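Undergrad: This one is final_21.tsv, TSV, N, CA and C atoms.
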chain	number	residue	atom	x	y	z
A	997	MET	N	118.24	71.99	66.11
A	997	MET	CA	117.79	71.32	67.31
A	997	MET	C	117.07	72.35	68.19
A	998	SER	N	115.95	71.96	68.75
A	998	SER	CA	115.23	72.86	69.65
A	998	SER	C	114.87	72.11	70.93
A	999	PHE	N	114.72	72.87	71.96
A	999	PHE	CA	114.37	72.32	73.26
A	999	PHE	C	113.07	72.95	73.72
A	1000	ARG	N	112.27	72.17	74.38
A	1000	ARG	CA	111.04	72.70	74.98
A	1000	ARG	C	111.26	72.71	76.49
A	1001	ILE	N	111.12	73.87	77.05
A	1001	ILE	CA	111.32	74.03	78.49
A	1001	ILE	C	109.98	74.41	79.11
A	1002	GLU	N	109.55	73.64	80.10
A	1002	GLU	CA	108.32	73.97	80.80
A	1002	GLU	C	108.66	74.84	82.00
A	1003	VAL	N	107.98	75.95	82.07
A	1003	VAL	CA	108.20	76.90	83.16
A	1003	VAL	C	106.89	77.06	83.91
A	1004	ASP	N	106.95	76.95	85.21
A	1004	ASP	CA	105.77	77.18	86.04
A	1004	ASP	C	105.88	78.61	86.55
A	1005	ALA	N	105.05	79.48	86.01
A	1005	ALA	CA	105.14	80.90	86.33
A	1005	ALA	C	104.05	81.36	87.29
A	1006	ARG	N	103.46	80.41	88.01
A	1006	ARG	CA	102.47	80.83	89.00
A	1006	ARG	C	103.17	81.69	90.05
A	1007	GLY	N	102.43	82.59	90.62
A	1007	GLY	CA	103.01	83.47	91.62
A	1007	GLY	C	103.45	84.81	91.04
A	1008	LEU	N	103.23	85.01	89.74
A	1008	LEU	CA	103.57	86.29	89.14
A	1008	LEU	C	102.46	87.31	89.33
A	1009	ASP	N	101.37	86.90	89.94
A	1009	ASP	CA	100.28	87.84	90.20
A	1009	ASP	C	100.65	88.63	91.45
A	1010	LEU	N	101.17	89.79	91.22
A	1010	LEU	CA	101.64	90.65	92.30
A	1010	LEU	C	100.92	91.97	92.18
A	1011	ASP	N	100.26	92.38	93.24
A	1011	ASP	CA	99.60	93.68	93.23
A	1011	ASP	C	100.32	94.56	94.24
A	1012	LEU	N	101.12	95.48	93.72
A	1012	LEU	CA	101.87	96.37	94.60
A	1012	LEU	C	100.96	97.27	95.43
A	1013	ALA	N	99.74	97.48	94.99
A	1013	ALA	CA	98.82	98.32	95.75
A	1013	ALA	C	98.55	97.72	97.13
A	1014	ASP	N	98.71	96.39	97.27
A	1014	ASP	CA	98.50	95.72	98.56
A	1014	ASP	C	99.77	95.68	99.42
A	1015	LYS	N	100.89	96.12	98.87
A	1015	LYS	CA	102.17	96.09	99.60
A	1015	LYS	C	102.13	97.10	100.74
A	1016	THR	N	102.47	96.63	101.93
A	1016	THR	CA	102.46	97.49	103.12
A	1016	THR	C	103.82	98.13	103.33
A	1017	ILE	N	103.80	99.41	103.65
A	1017	ILE	CA	105.02	100.13	104.00
A	1017	ILE	C	104.80	100.79	105.35
A	1018	THR	N	105.87	101.19	105.98
A	1018	THR	CA	105.79	101.87	107.27
A	1018	THR	C	106.20	103.32	107.09
A	1019	MET	N	105.39	104.21	107.63
A	1019	MET	CA	105.72	105.63	107.59
A	1019	MET	C	105.57	106.19	109.00
A	1020	LYS	N	106.43	107.14	109.32
A	1020	LYS	CA	106.39	107.75	110.64
A	1020	LYS	C	105.47	108.97	110.63
A	1021	CYS	N	104.72	109.12	111.71
A	1021	CYS	CA	103.87	110.29	111.88
A	1021	CYS	C	104.76	111.53	111.95
A	1022	PRO	N	104.44	112.56	111.19
A	1022	PRO	CA	105.26	113.77	111.24
A	1022	PRO	C	105.17	114.48	112.59
A	1023	GLU	N	104.13	114.18	113.35
A	1023	GLU	CA	103.93	114.83	114.64
A	1023	GLU	C	104.63	114.09	115.78
A	1024	CYS	N	104.28	112.80	115.98
A	1024	CYS	CA	104.77	112.05	117.14
A	1024	CYS	C	105.81	110.98	116.79
A	1025	LYS	N	106.06	110.79	115.50
A	1025	LYS	CA	107.06	109.83	114.99
A	1025	LYS	C	106.68	108.36	115.20
A	1026	THR	N	105.41	108.08	115.54
A	1026	THR	CA	104.95	106.71	115.65
A	1026	THR	C	104.94	106.06	114.27
A	1027	ALA	N	105.38	104.81	114.20
A	1027	ALA	CA	105.36	104.07	112.93
A	1027	ALA	C	103.93	103.64	112.63
A	1028	ASN	N	103.47	103.92	111.42
A	1028	ASN	CA	102.14	103.56	110.95
A	1028	ASN	C	102.28	102.76	109.67
A	1029	GLU	N	101.55	101.65	109.57
A	1029	GLU	CA	101.58	100.85	108.35
A	1029	GLU	C	100.47	101.31	107.42
A	1030	VAL	N	100.84	101.53	106.16
A	1030	VAL	CA	99.89	101.90	105.12
A	1030	VAL	C	100.21	101.08	103.88
A	1031	THR	N	99.23	100.95	103.00
A	1031	THR	CA	99.49	100.26	101.74
A	1031	THR	C	99.85	101.28	100.67
A	1032	LEU	N	100.53	100.80	99.64
A	1032	LEU	CA	100.84	101.69	98.52
A	1032	LEU	C	99.56	102.15	97.84
A	1033	GLY	N	98.52	101.31	97.89
A	1033	GLY	CA	97.22	101.71	97.34
A	1033	GLY	C	96.64	102.90	98.08
A	1034	GLN	N	96.80	102.93	99.40
A	1034	GLN	CA	96.32	104.07	100.18
A	1034	GLN	C	97.08	105.34	99.79
A	1035	VAL	N	98.39	105.20	99.58
A	1035	VAL	CA	99.19	106.36	99.17
A	1035	VAL	C	98.74	106.81	97.78
A	1036	ARG	N	98.58	105.87	96.86
A	1036	ARG	CA	98.15	106.20	95.49
A	1036	ARG	C	96.81	106.95	95.51
A	1037	ARG	N	95.89	106.52	96.38
A	1037	ARG	CA	94.57	107.16	96.47
A	1037	ARG	C	94.59	108.41	97.34
A	1038	GLU	N	95.75	108.70	97.94
A	1038	GLU	CA	95.95	109.86	98.81
A	1038	GLU	C	94.90	109.91	99.93
A	1039	GLU	N	94.77	108.77	100.60
A	1039	GLU	CA	93.80	108.66	101.68
A	1039	GLU	C	94.28	109.38	102.93
A	1040	ASN	N	93.36	109.61	103.84
A	1040	ASN	CA	93.67	110.08	105.18
A	1040	ASN	C	93.77	108.85	106.08
A	1041	ILE	N	94.77	108.84	106.96
A	1041	ILE	CA	94.87	107.79	107.97
A	1041	ILE	C	94.90	108.45	109.34
A	1042	VAL	N	94.65	107.68	110.36
A	1042	VAL	CA	94.73	108.17	111.73
A	1042	VAL	C	95.96	107.56	112.37
A	1043	CYS	N	96.83	108.40	112.92
A	1043	CYS	CA	98.06	107.92	113.55
A	1043	CYS	C	97.72	107.02	114.73
A	1044	ALA	N	98.42	105.90	114.80
A	1044	ALA	CA	98.21	104.94	115.89
A	1044	ALA	C	98.71	105.50	117.22
A	1045	GLY	N	99.58	106.51	117.18
A	1045	GLY	CA	100.14	107.06	118.40
A	1045	GLY	C	99.37	108.27	118.93
A	1046	CYS	N	99.33	109.33	118.14
A	1046	CYS	CA	98.72	110.59	118.62
A	1046	CYS	C	97.28	110.77	118.13
A	1047	HIS	N	96.81	109.86	117.28
A	1047	HIS	CA	95.44	109.86	116.77
A	1047	HIS	C	95.10	111.08	115.91
A	1048	LYS	N	96.12	111.74	115.39
A	1048	LYS	CA	95.87	112.86	114.48
A	1048	LYS	C	95.70	112.30	113.06
A	1049	THR	N	94.97	113.04	112.25
A	1049	THR	CA	94.75	112.65	110.87
A	1049	THR	C	95.97	113.03	110.03
A	1050	ILE	N	96.43	112.06	109.23
A	1050	ILE	CA	97.56	112.28	108.33
A	1050	ILE	C	97.06	112.13	106.91
A	1051	LYS	N	97.29	113.12	106.08
A	1051	LYS	CA	96.92	113.07	104.67
A	1051	LYS	C	98.10	112.49	103.90
A	1052	LEU	N	97.89	111.34	103.24
A	1052	LEU	CA	98.94	110.72	102.43
A	1052	LEU	C	98.97	111.42	101.08
A	1053	ILE	N	100.16	111.76	100.61
A	1053	ILE	CA	100.33	112.47	99.34
A	1053	ILE	C	101.21	111.63	98.42
A	1054	ASP	N	100.71	111.36	97.23
A	1054	ASP	CA	101.50	110.68	96.19
A	1054	ASP	C	102.08	111.78	95.30
A	1055	GLU	N	103.19	112.33	95.76
A	1055	GLU	CA	103.79	113.46	95.07
A	1055	GLU	C	104.17	113.07	93.64
A	1056	ASN	N	103.76	113.88	92.70
A	1056	ASN	CA	104.00	113.65	91.27
A	1056	ASN	C	103.39	112.33	90.79
A	1057	HIS	N	102.48	111.75	91.56
A	1057	HIS	CA	101.83	110.47	91.22
A	1057	HIS	C	102.86	109.36	90.97
A	1058	SER	N	103.98	109.44	91.67
A	1058	SER	CA	105.07	108.46	91.46
A	1058	SER	C	104.69	107.06	91.91
A	1059	VAL	N	103.92	106.93	92.99
A	1059	VAL	CA	103.51	105.60	93.46
A	1059	VAL	C	102.55	104.98	92.45
A	1060	GLY	N	101.57	105.75	92.01
A	1060	GLY	CA	100.62	105.25	91.02
A	1060	GLY	C	101.30	104.84	89.73
A	1061	LYS	N	102.26	105.64	89.28
A	1061	LYS	CA	102.99	105.33	88.05
A	1061	LYS	C	103.83	104.07	88.21
A	1062	THR	N	104.48	103.93	89.34
A	1062	THR	CA	105.30	102.75	89.59
A	1062	THR	C	104.45	101.49	89.63
A	1063	ILE	N	103.31	101.54	90.32
A	1063	ILE	CA	102.42	100.38	90.37
A	1063	ILE	C	101.98	99.99	88.96
A	1064	SER	N	101.60	100.98	88.17
A	1064	SER	CA	101.18	100.72	86.79
A	1064	SER	C	102.32	100.13	85.95
A	1065	ASP	N	103.51	100.71	86.08
A	1065	ASP	CA	104.66	100.23	85.32
A	1065	ASP	C	105.01	98.78	85.67
A	1066	VAL	N	104.99	98.45	86.96
A	1066	VAL	CA	105.32	97.09	87.40
A	1066	VAL	C	104.25	96.11	86.91
A	1067	ASN	N	102.98	96.49	87.03
A	1067	ASN	CA	101.91	95.60	86.56
A	1067	ASN	C	102.02	95.37	85.06
A	1068	ASN	N	102.33	96.41	84.29
A	1068	ASN	CA	102.50	96.25	82.84
A	1068	ASN	C	103.70	95.34	82.53
A	1069	ALA	N	104.79	95.50	83.26
A	1069	ALA	CA	105.97	94.66	83.03
A	1069	ALA	C	105.66	93.20	83.35
A	1070	LEU	N	104.90	92.96	84.42
A	1070	LEU	CA	104.52	91.58	84.76
A	1070	LEU	C	103.61	90.99	83.70
A	1071	ASP	N	102.70	91.79	83.16
A	1071	ASP	CA	101.85	91.30	82.07
A	1071	ASP	C	102.69	90.92	80.85
A	1072	ASP	N	103.68	91.75	80.53
A	1072	ASP	CA	104.58	91.45	79.41
A	1072	ASP	C	105.36	90.17	79.66
A	1073	LEU	N	105.83	89.99	80.90
A	1073	LEU	CA	106.58	88.78	81.25
A	1073	LEU	C	105.70	87.55	81.13
A	1074	LYS	N	104.46	87.65	81.61
A	1074	LYS	CA	103.52	86.52	81.50
A	1074	LYS	C	103.30	86.15	80.04
A	1075	ASP	N	103.08	87.17	79.21
A	1075	ASP	CA	102.87	86.92	77.78
A	1075	ASP	C	104.08	86.21	77.17
A	1076	ALA	N	105.28	86.68	77.51
A	1076	ALA	CA	106.50	86.09	76.97
A	1076	ALA	C	106.65	84.64	77.43
A	1077	LEU	N	106.34	84.37	78.70
A	1077	LEU	CA	106.44	83.02	79.23
A	1077	LEU	C	105.40	82.09	78.59
A	1078	GLU	N	104.19	82.61	78.40
A	1078	GLU	CA	103.16	81.81	77.73
A	1078	GLU	C	103.59	81.45	76.30
A	1079	ASN	N	104.22	82.40	75.62
A	1079	ASN	CA	104.70	82.14	74.26
A	1079	ASN	C	105.80	81.09	74.25
A	1080	MET	N	106.48	80.93	75.38
A	1080	MET	CA	107.53	79.91	75.49
A	1080	MET	C	106.96	78.57	75.95
A	1081	GLY	N	105.66	78.54	76.24
A	1081	GLY	CA	105.04	77.29	76.67
A	1081	GLY	C	104.88	77.15	78.16
A	1082	ALA	N	104.99	78.22	78.89
A	1082	ALA	CA	104.85	78.16	80.34
A	1082	ALA	C	103.39	77.91	80.71
A	1083	LYS	N	103.20	77.24	81.83
A	1083	LYS	CA	101.86	77.00	82.36
A	1083	LYS	C	101.56	78.09	83.37
A	1084	LEU	N	100.58	78.93	83.05
A	1084	LEU	CA	100.23	80.01	83.97
A	1084	LEU	C	98.89	79.77	84.62
Would you write the structure of this file as structure tokens?

TA:
Amino acid sequence: MSFRIEVDARGLDLDLADKTITMKCPECKTANEVTLGQVRREENIVCAGCHKTIKLIDENHSVGKTISDVNNALDDLKDALENMGAKL
């Protein structure tokens, strides 16, 4: 006996690079919102409080690796759901 289960997997398109995080300025401690994509690209931002330039550092490329790992896992999940008959 087998069962067919329909799964609606819309909403699995997640881009962690667009996820916003809050970091404090090392100088004035003002909270600044940045995206994980900005951290991955090691961009410079301007502090909203003291207006000094802050260089974002992705130490050991951990943010970039995590974004890649999560995106790959989501792709694998989508493939598995499609093989089960999910509508994507």

Undergrad: With all atoms of range 1067-1070 of chain A from the file as input, state the centre and edge lengths in Å to one decimal of the axis-aligned box that has 4 Å extra on each side, as lines of an AutoDock Vina configuration file.

TA:
center_x = 103.9
center_y = 93.7
center_z = 84.8
size_x = 12.1
size_y = 13.5
size_z = 12.5

Undergrad: When you draw a straight line from CA of Asp1014 in chain A to CA of Glu1078 in chain A, how long is it in Å?

TA: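 CA of Asp1014 in chain A sits 25.5 Å away from CA of Glu1078 in chain A.
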
Undergrad: List as a list of chain:residue names the protein and nucleic acid residues near range 1028-1034 of chain A, meaning an atom at most 7 Å away when only N, CA and C atoms are counted, but skip any in the same chain fewer than 4 places from it.

TA: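 Answer for this query is A:Leu1012, A:Ala1013, A:Asp1014, A:Lys1015, A:Thr1016, A:Ile1017, A:Thr1018, A:Met1019, A:Lys1020, A:Cys1021, A:Glu1038, A:Glu1039, A:Asn1040, A:Cys1043, A:Ala1044, A:Leu1052, A:Val1059.
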
Undergrad: Please produce an output containing N, CA and C atoms for each residue in the selection, written as a short mmCIF file (atom, residue, chain, number, x, y, z; two decimals), in the frame of the given file.

TA:
data_model
loop_
_atom_site.label_atom_id
_atom_site.label_comp_id
_atom_site.auth_asym_id
_atom_site.auth_seq_id
_atom_site.Cartn_x
_atom_site.Cartn_y
_atom_site.Cartn_z
N LEU A 1012 101.12 95.48 93.72
CA LEU A 1012 101.87 96.37 94.60
C LEU A 1012 100.96 97.27 95.43
N ALA A 1013 99.74 97.48 94.99
CA ALA A 1013 98.82 98.32 95.75
C ALA A 1013 98.55 97.72 97.13
N ASP A 1014 98.71 96.39 97.27
CA ASP A 1014 98.50 95.72 98.56
C ASP A 1014 99.77 95.68 99.42
N LYS A 1015 100.89 96.12 98.87
CA LYS A 1015 102.17 96.09 99.60
C LYS A 1015 102.13 97.10 100.74
N THR A 1016 102.47 96.63 101.93
CA THR A 1016 102.46 97.49 103.12
C THR A 1016 103.82 98.13 103.33
N ILE A 1017 103.80 99.41 103.65
CA ILE A 1017 105.02 100.13 104.00
C ILE A 1017 104.80 100.79 105.35
N THR A 1018 105.87 101.19 105.98
CA THR A 1018 105.79 101.87 107.27
C THR A 1018 106.20 103.32 107.09
N MET A 1019 105.39 104.21 107.63
CA MET A 1019 105.72 105.63 107.59
C MET A 1019 105.57 106.19 109.00
N LYS A 1020 106.43 107.14 109.32
CA LYS A 1020 106.39 107.75 110.64
C LYS A 1020 105.47 108.97 110.63
N CYS A 1021 104.72 109.12 111.71
CA CYS A 1021 103.87 110.29 111.88
C CYS A 1021 104.76 111.53 111.95
N GLU A 1038 95.75 108.70 97.94
CA GLU A 1038 95.95 109.86 98.81
C GLU A 1038 94.90 109.91 99.93
N GLU A 1039 94.77 108.77 100.60
CA GLU A 1039 93.80 108.66 101.68
C GLU A 1039 94.28 109.38 102.93
N ASN A 1040 93.36 109.61 103.84
CA ASN A 1040 93.67 110.08 105.18
C ASN A 1040 93.77 108.85 106.08
N CYS A 1043 96.83 108.40 112.92
CA CYS A 1043 98.06 107.92 113.55
C CYS A 1043 97.72 107.02 114.73
N ALA A 1044 98.42 105.90 114.80
CA ALA A 1044 98.21 104.94 115.89
C ALA A 1044 98.71 105.50 117.22
N LEU A 1052 97.89 111.34 103.24
CA LEU A 1052 98.94 110.72 102.43
C LEU A 1052 98.97 111.42 101.08
N VAL A 1059 103.92 106.93 92.99
CA VAL A 1059 103.51 105.60 93.46
C VAL A 1059 102.55 104.98 92.45
#

Undergrad: So how many Å separate atom C of Ile1063 in chain A and CA of Asp1011 in chain A, to one decimal?

TA: 8.0 Å

Undergrad: By how many Å are atom N of Leu1077 in chain A and CA of Leu1010 in chain A apart?

TA: 15.7 Å

Undergrad: Taking only chain A into account, list the residues labelled strand (DSSP E) by DSSP (computed from the backbone), as a list of chain:residue names.

TA: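 Matching residues, listed in order: A:Thr1016, A:Ile1017, A:Thr1018, A:Met1019, A:Lys1020, A:Ala1027, A:Asn1028, A:Glu1029, A:Val1030, A:Thr1031, A:Asn1040, A:Ile1041, A:Val1042, A:Thr1049, A:Ile1050, A:Lys1051.
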
Undergrad: Keeping only N, CA and C atoms, write those residues as a compact mmCIF listing (two decimals), in the frame of the given file.

TA:
# COMPACT_ATOMS: atom_id res chain seq x y z
N THR A 1016 102.47 96.63 101.93
CA THR A 1016 102.46 97.49 103.12
C THR A 1016 103.82 98.13 103.33
N ILE A 1017 103.80 99.41 103.65
CA ILE A 1017 105.02 100.13 104.00
C ILE A 1017 104.80 100.79 105.35
N THR A 1018 105.87 101.19 105.98
CA THR A 1018 105.79 101.87 107.27
C THR A 1018 106.20 103.32 107.09
N MET A 1019 105.39 104.21 107.63
CA MET A 1019 105.72 105.63 107.59
C MET A 1019 105.57 106.19 109.00
N LYS A 1020 106.43 107.14 109.32
CA LYS A 1020 106.39 107.75 110.64
C LYS A 1020 105.47 108.97 110.63
N ALA A 1027 105.38 104.81 114.20
CA ALA A 1027 105.36 104.07 112.93
C ALA A 1027 103.93 103.64 112.63
N ASN A 1028 103.47 103.92 111.42
CA ASN A 1028 102.14 103.56 110.95
C ASN A 1028 102.28 102.76 109.67
N GLU A 1029 101.55 101.65 109.57
CA GLU A 1029 101.58 100.85 108.35
C GLU A 1029 100.47 101.31 107.42
N VAL A 1030 100.84 101.53 106.16
CA VAL A 1030 99.89 101.90 105.12
C VAL A 1030 100.21 101.08 103.88
N THR A 1031 99.23 100.95 103.00
CA THR A 1031 99.49 100.26 101.74
C THR A 1031 99.85 101.28 100.67
N ASN A 1040 93.36 109.61 103.84
CA ASN A 1040 93.67 110.08 105.18
C ASN A 1040 93.77 108.85 106.08
N ILE A 1041 94.77 108.84 106.96
CA ILE A 1041 94.87 107.79 107.97
C ILE A 1041 94.90 108.45 109.34
N VAL A 1042 94.65 107.68 110.36
CA VAL A 1042 94.73 108.17 111.73
C VAL A 1042 95.96 107.56 112.37
N THR A 1049 94.97 113.04 112.25
CA THR A 1049 94.75 112.65 110.87
C THR A 1049 95.97 113.03 110.03
N ILE A 1050 96.43 112.06 109.23
CA ILE A 1050 97.56 112.28 108.33
C ILE A 1050 97.06 112.13 106.91
N LYS A 1051 97.29 113.12 106.08
CA LYS A 1051 96.92 113.07 104.67
C LYS A 1051 98.10 112.49 103.90

Undergrad: As a short mmCIF file (atom, residue, chain, number, x, y, z; two decimals) with N, CA and C atoms, in the frame of the given file, which residues of chain A does DSSP assign to alpha helix (DSSP H)?

TA:
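Done, and the output landed in result29.cif:
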data_model
loop_
_atom_site.label_atom_id
_atom_site.label_comp_id
_atom_site.auth_asym_id
_atom_site.auth_seq_id
_atom_site.Cartn_x
_atom_site.Cartn_y
_atom_site.Cartn_z
N LEU A 1032 100.53 100.80 99.64
CA LEU A 1032 100.84 101.69 98.52
C LEU A 1032 99.56 102.15 97.84
N GLY A 1033 98.52 101.31 97.89
CA GLY A 1033 97.22 101.71 97.34
C GLY A 1033 96.64 102.90 98.08
N GLN A 1034 96.80 102.93 99.40
CA GLN A 1034 96.32 104.07 100.18
C GLN A 1034 97.08 105.34 99.79
N VAL A 1035 98.39 105.20 99.58
CA VAL A 1035 99.19 106.36 99.17
C VAL A 1035 98.74 106.81 97.78
N ARG A 1036 98.58 105.87 96.86
CA ARG A 1036 98.15 106.20 95.49
C ARG A 1036 96.81 106.95 95.51
N SER A 1058 103.98 109.44 91.67
CA SER A 1058 105.07 108.46 91.46
C SER A 1058 104.69 107.06 91.91
N VAL A 1059 103.92 106.93 92.99
CA VAL A 1059 103.51 105.60 93.46
C VAL A 1059 102.55 104.98 92.45
N GLY A 1060 101.57 105.75 92.01
CA GLY A 1060 100.62 105.25 91.02
C GLY A 1060 101.30 104.84 89.73
N LYS A 1061 102.26 105.64 89.28
CA LYS A 1061 102.99 105.33 88.05
C LYS A 1061 103.83 104.07 88.21
N THR A 1062 104.48 103.93 89.34
CA THR A 1062 105.30 102.75 89.59
C THR A 1062 104.45 101.49 89.63
N ILE A 1063 103.31 101.54 90.32
CA ILE A 1063 102.42 100.38 90.37
C ILE A 1063 101.98 99.99 88.96
N SER A 1064 101.60 100.98 88.17
CA SER A 1064 101.18 100.72 86.79
C SER A 1064 102.32 100.13 85.95
N ASP A 1065 103.51 100.71 86.08
CA ASP A 1065 104.66 100.23 85.32
C ASP A 1065 105.01 98.78 85.67
N VAL A 1066 104.99 98.45 86.96
CA VAL A 1066 105.32 97.09 87.40
C VAL A 1066 104.25 96.11 86.91
N ASN A 1067 102.98 96.49 87.03
CA ASN A 1067 101.91 95.60 86.56
C ASN A 1067 102.02 95.37 85.06
N ASN A 1068 102.33 96.41 84.29
CA ASN A 1068 102.50 96.25 82.84
C ASN A 1068 103.70 95.34 82.53
N ALA A 1069 104.79 95.50 83.26
CA ALA A 1069 105.97 94.66 83.03
C ALA A 1069 105.66 93.20 83.35
N LEU A 1070 104.90 92.96 84.42
CA LEU A 1070 104.52 91.58 84.76
C LEU A 1070 103.61 90.99 83.70
N ASP A 1071 102.70 91.79 83.16
CA ASP A 1071 101.85 91.30 82.07
C ASP A 1071 102.69 90.92 80.85
N ASP A 1072 103.68 91.75 80.53
CA ASP A 1072 104.58 91.45 79.41
C ASP A 1072 105.36 90.17 79.66
N LEU A 1073 105.83 89.99 80.90
CA LEU A 1073 106.58 88.78 81.25
C LEU A 1073 105.70 87.55 81.13
N LYS A 1074 104.46 87.65 81.61
CA LYS A 1074 103.52 86.52 81.50
C LYS A 1074 103.30 86.15 80.04
N ASP A 1075 103.08 87.17 79.21
CA ASP A 1075 102.87 86.92 77.78
C ASP A 1075 104.08 86.21 77.17
N ALA A 1076 105.28 86.68 77.51
CA ALA A 1076 106.50 86.09 76.97
C ALA A 1076 106.65 84.64 77.43
N LEU A 1077 106.34 84.37 78.70
CA LEU A 1077 106.44 83.02 79.23
C LEU A 1077 105.40 82.09 78.59
N GLU A 1078 104.19 82.61 78.40
CA GLU A 1078 103.16 81.81 77.73
C GLU A 1078 103.59 81.45 76.30
N ASN A 1079 104.22 82.40 75.62
CA ASN A 1079 104.70 82.14 74.26
C ASN A 1079 105.80 81.09 74.25
#
